[in-house]
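Text of the file entry_34.txt, holding compact mmCIF, C-alpha atoms:
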# COMPACT_ATOMS: atom_id res chain seq x y z
CA MET A 1 -1.10 -22.08 -2.44
CA VAL A 2 0.48 -18.72 -1.65
CA LEU A 3 -1.75 -15.83 -0.59
CA PHE A 4 -0.24 -12.51 -1.60
CA ILE A 5 -0.74 -9.32 0.34
CA GLU A 6 -2.69 -6.76 -1.63
CA ASP A 7 -0.09 -4.05 -2.04
CA PRO A 8 -0.53 -1.81 -5.10
CA ALA A 9 2.80 -0.03 -4.56
CA LEU A 10 4.67 -3.36 -4.56
CA TYR A 11 2.85 -4.56 -7.68
CA LYS A 12 3.53 -1.29 -9.46
CA ARG A 13 7.27 -1.53 -8.73
CA LEU A 14 7.40 -5.20 -9.77
CA SER A 15 5.54 -4.35 -12.97
CA GLU A 16 8.13 -1.69 -13.76
CA LEU A 17 11.00 -4.13 -13.12
CA ILE A 18 9.42 -6.78 -15.32
CA ASP A 19 8.77 -4.28 -18.13
CA GLU A 20 12.39 -3.13 -17.88
CA ALA A 21 13.70 -6.71 -18.11
CA ILE A 22 11.49 -7.48 -21.11
CA ALA A 23 12.67 -4.31 -22.87
CA GLU A 24 16.31 -5.25 -22.24
CA HIS A 25 15.65 -8.75 -23.60
CA ARG A 26 14.00 -7.35 -26.73
CA ALA A 27 16.96 -5.03 -27.21
CA GLN A 28 19.14 -8.16 -26.93
CA ARG A 29 20.96 -6.90 -23.84
CA LEU A 30 19.67 -9.92 -21.86
CA SER A 31 19.87 -13.54 -22.92
CA ASP A 32 16.93 -15.89 -22.42
CA ALA A 33 18.63 -17.40 -19.38
CA GLU A 34 19.30 -13.97 -17.85
CA LEU A 35 15.69 -12.93 -18.45
CA LEU A 36 14.44 -16.11 -16.79
CA ALA A 37 16.75 -15.59 -13.81
CA ARG A 38 15.59 -11.99 -13.40
CA MET A 39 11.92 -13.02 -13.61
CA ARG A 40 12.50 -15.66 -10.94
CA ARG A 41 14.07 -13.03 -8.65
CA HIS A 42 11.04 -10.80 -9.17
CA LEU A 43 8.73 -13.73 -8.38
CA ASP A 44 10.72 -14.43 -5.22
CA THR A 45 10.30 -10.78 -4.23
CA LEU A 46 6.56 -11.09 -4.73
CA ARG A 47 6.43 -14.32 -2.75
CA GLY A 48 8.35 -12.60 0.04
CA GLN A 49 5.89 -9.73 -0.42
CA GLY A 50 8.71 -7.23 -0.35
CA SER A 51 8.95 -7.69 3.40
CA SER A 52 12.63 -6.81 3.45
CA ASP A 53 11.63 -3.25 2.53
CA LEU A 54 9.11 -2.97 5.35
CA PRO A 55 9.91 -1.24 8.63
CA PRO A 56 10.18 -3.60 11.62
CA ALA A 57 7.24 -1.79 13.28
CA LEU A 58 4.89 -3.51 10.80
CA GLN A 59 5.73 -7.01 12.05
CA GLY A 60 2.51 -8.68 13.14
CA TYR A 61 0.24 -6.25 11.27
CA ASP A 62 -1.02 -7.97 8.14
CA ALA A 63 -3.24 -5.28 6.64
CA ALA A 64 -0.89 -2.47 7.66
CA LYS A 65 1.81 -4.03 5.48
CA ALA A 66 -0.45 -3.54 2.47
CA TYR A 67 -1.56 -0.05 3.56
CA TYR A 68 2.06 1.04 4.05
CA GLY A 69 2.85 1.31 0.34
CA VAL A 70 -0.30 3.33 -0.34
CA ILE A 71 0.65 5.78 2.40
CA LYS A 72 4.42 5.95 1.91
CA GLU A 73 4.33 6.84 -1.77
CA PRO A 74 2.46 10.17 -1.40
CA LEU A 75 4.30 11.03 1.83
CA GLU A 76 7.64 10.88 0.03
CA GLN A 77 6.64 14.00 -1.90
CA TYR A 78 6.53 16.09 1.27
CA GLN A 79 8.99 17.29 3.85
CA VAL A 80 7.80 15.66 7.07
CA ASN A 81 8.57 17.86 10.08
CA GLY A 82 10.03 15.88 12.96
CA ALA A 83 9.55 12.39 11.49
CA VAL A 84 11.23 9.97 9.11
CA THR A 85 8.88 9.24 6.22
CA THR A 86 9.14 5.45 6.52
CA GLU A 87 8.51 5.52 10.26
CA LEU A 88 5.57 7.88 9.90
CA ALA A 89 4.09 5.80 7.06
CA ALA A 90 4.42 2.64 9.20
CA GLU A 91 2.80 4.36 12.20
CA MET A 92 -0.02 5.62 9.99
CA ALA A 93 -0.54 2.20 8.39
CA ILE A 94 -0.90 0.59 11.82
CA LYS A 95 -3.35 3.25 12.99
CA LEU A 96 -5.35 2.98 9.76
CA GLU A 97 -5.54 -0.81 10.14
CA ASP A 98 -6.99 -0.20 13.59
CA ILE A 99 -9.47 2.39 12.30
CA ILE A 100 -10.71 0.11 9.55
CA ASP A 101 -10.90 -2.95 11.81
CA THR A 102 -12.82 -0.97 14.43
CA HIS A 103 -15.55 -0.14 11.91
CA LYS A 104 -15.83 -3.59 10.33
CA ILE A 105 -18.99 -5.53 10.89
CA ARG A 106 -20.41 -8.57 9.18
CA ASP A 107 -20.87 -7.93 5.43
CA TRP A 108 -19.41 -4.42 5.74
CA VAL A 109 -18.28 -4.58 2.12
CA MET A 110 -21.91 -4.48 1.03
CA GLN A 111 -22.97 -1.70 3.42
CA GLU A 112 -22.34 1.80 2.14
CA ASP A 113 -23.11 3.42 5.51
CA VAL A 114 -20.33 1.40 7.18
CA GLN A 115 -17.92 2.32 4.40
CA ASN A 116 -18.86 5.99 4.75
CA SER A 117 -18.20 5.77 8.48
CA MET A 118 -14.76 4.31 7.67
CA ARG A 119 -14.13 7.09 5.16
CA ASN A 120 -14.99 9.74 7.74
CA ALA A 121 -12.69 8.20 10.37
CA ILE A 122 -9.85 7.77 7.86
CA GLU A 123 -10.27 11.33 6.59
CA ASP A 124 -10.30 12.72 10.15
CA TYR A 125 -7.09 10.84 10.93
CA LEU A 126 -5.36 11.96 7.72
CA PHE A 127 -6.29 15.57 8.40
CA SER A 128 -4.92 15.26 11.94
CA ILE A 129 -1.62 13.96 10.51
CA LYS A 130 -1.63 16.76 7.94
CA GLY A 131 -1.95 19.32 10.72
CA ARG A 132 0.45 17.68 13.17
CA TYR A 133 3.28 17.41 10.63
CA GLU A 134 2.33 20.47 8.57
CA LEU A 135 1.99 18.42 5.39
CA ALA A 136 0.73 20.04 2.23
CA LEU A 137 -1.54 17.07 1.50
CA ASP A 138 -4.27 18.17 -0.89
CA TYR A 139 -7.83 16.87 -0.93
CA ASP A 140 -7.25 14.74 -4.02
CA THR A 141 -4.32 12.95 -2.39
CA ILE A 142 -6.29 12.35 0.79
CA ASP A 143 -9.23 11.01 -1.23
CA ARG A 144 -6.95 8.75 -3.26
CA ILE A 145 -5.30 7.34 -0.14
CA MET A 146 -8.69 6.80 1.48
CA GLU A 147 -10.17 5.00 -1.53
CA ASP A 148 -7.03 2.88 -2.05
CA LEU A 149 -7.14 1.80 1.61
CA LEU A 150 -10.78 0.78 1.35
CA THR A 151 -10.15 -1.09 -1.91
CA ILE A 152 -7.35 -3.05 -0.26
CA ALA A 153 -9.48 -3.76 2.83
CA LYS A 154 -12.35 -5.03 0.64
CA ARG A 155 -10.08 -7.29 -1.40
CA ARG A 156 -8.41 -8.67 1.72
CA ASP A 157 -11.78 -9.48 3.28
CA ALA A 158 -12.90 -11.19 0.06
CA CYS A 159 -9.85 -13.50 0.31
CA SER A 160 -10.40 -14.47 3.93
Take the structure from the file and write it as structure tokens.
Amino acid sequence: MVLFIEDPALYKRLSELIDEAIAEHRAQRLSDAELLARMRRHLDTLRGQGSSDLPPALQGYDAAKAYYGVIKEPLEQYQVNGAVTTELAAEMAIKLEDIIDTHKIRDWVMQEDVQNSMRNAIEDYLFSIKGRYELALDYDTIDRIMEDLLTIAKRRDACS
């Protein structure tokens, strides 16, 4: 059995690729065999968990690999002063994995006070990044990142 990393950004991109292939097949631009081959490539990408697209800094960080996509997508909208977006997103994903792991206790998924403590620490960190790199991150984006990270962390803990 293959355990997939919870990575919403990867799933979103794969969903788009699959929808595109199905549309081309319906428009008769792809034969059945070509559609099947394309679907198998997409499945192979999922099985490889898109690791070829991940920065080398994420090697050895399981949760950070999943957090990376959630962080990188909104960062791409901004000019990052003094940093490459992929490197900054990888650095942030690693730090956020550490923040979340530091706050985890037994049955944390069922304890709102622990989750609120995580939210506060994540929010503090994101605001420090916002200030350090002069990012125009708005509150909605920060909240979305924070909630997506916690959703991923909860799902990953449910699988382990």
Item to check | Distance of atom CA of Glu20 of chain A from atom CA of Ile152 of chain A, expressed in Å to one decimal place | outcome: 26.5 Å
Next on the checklist: Could you check the closest approach to Ala158 of chain A for each of A:Glu91, A:Val80, A:Trp108, A:Glu97 and tell me which residue wins, using all atoms listed in the file?
Outcome noted: A:Trp108
Next on the checklist: To one decimal place in Å, what is the distance between atom CA of Tyr78 of chain A and atom CA of Arg132 of chain A?
Outcome noted: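 It comes out at 13.5 Å.
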Checklist entry - Using only C-alpha atoms, which of A:Glu87, A:Glu16, A:Met146, A:Lys104 sits nearest Asp124 of chain A? => result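 Smallest distance to Asp124 of chain A is found for A:Met146.
The two atoms in question, atom CA of Leu30 of chain A and atom CA of Ile18 of chain A, are spaced 12.6 Å apart.
With distances taken over all atoms listed in the file, A:Lys95 is the one residue among A:Lys72, A:Lys95, A:Arg13, A:Arg106 lying closest to Ile122 of chain A.
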Checklist entry - Which residues come within 12 Å of Glu147 of chain A, counting only C-alpha atoms, excluding same-chain residues fewer than 2 positions away, as a list in words? => result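 Answer for this query is Tyr67, Val70, Ile71, Gln115, Asn116, Met118, Arg119, Asn120, Ile122, Glu123, Asp140, Thr141, Ile142, Asp143, Arg144, Ile145, Leu149, Leu150, Thr151, Ile152, Ala153 and Lys154 of chain A.
Ranking A:Arg40, A:Arg29, A:Ala57, A:Ala83 by their shortest atom-to-atom distance to Leu17 of chain A, with all atoms listed in the file included, puts A:Arg40 first.
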Let me have the centre and edge lengths in Å, one decimal, of the box along x, y and z around every listed atom of segment 132-145 of chain A with 4 Å of margin on each side, as JSON.
{"center_x": -3.0, "center_y": 13.9, "center_z": 4.6, "size_x": 20.5, "size_y": 21.1, "size_z": 25.2}
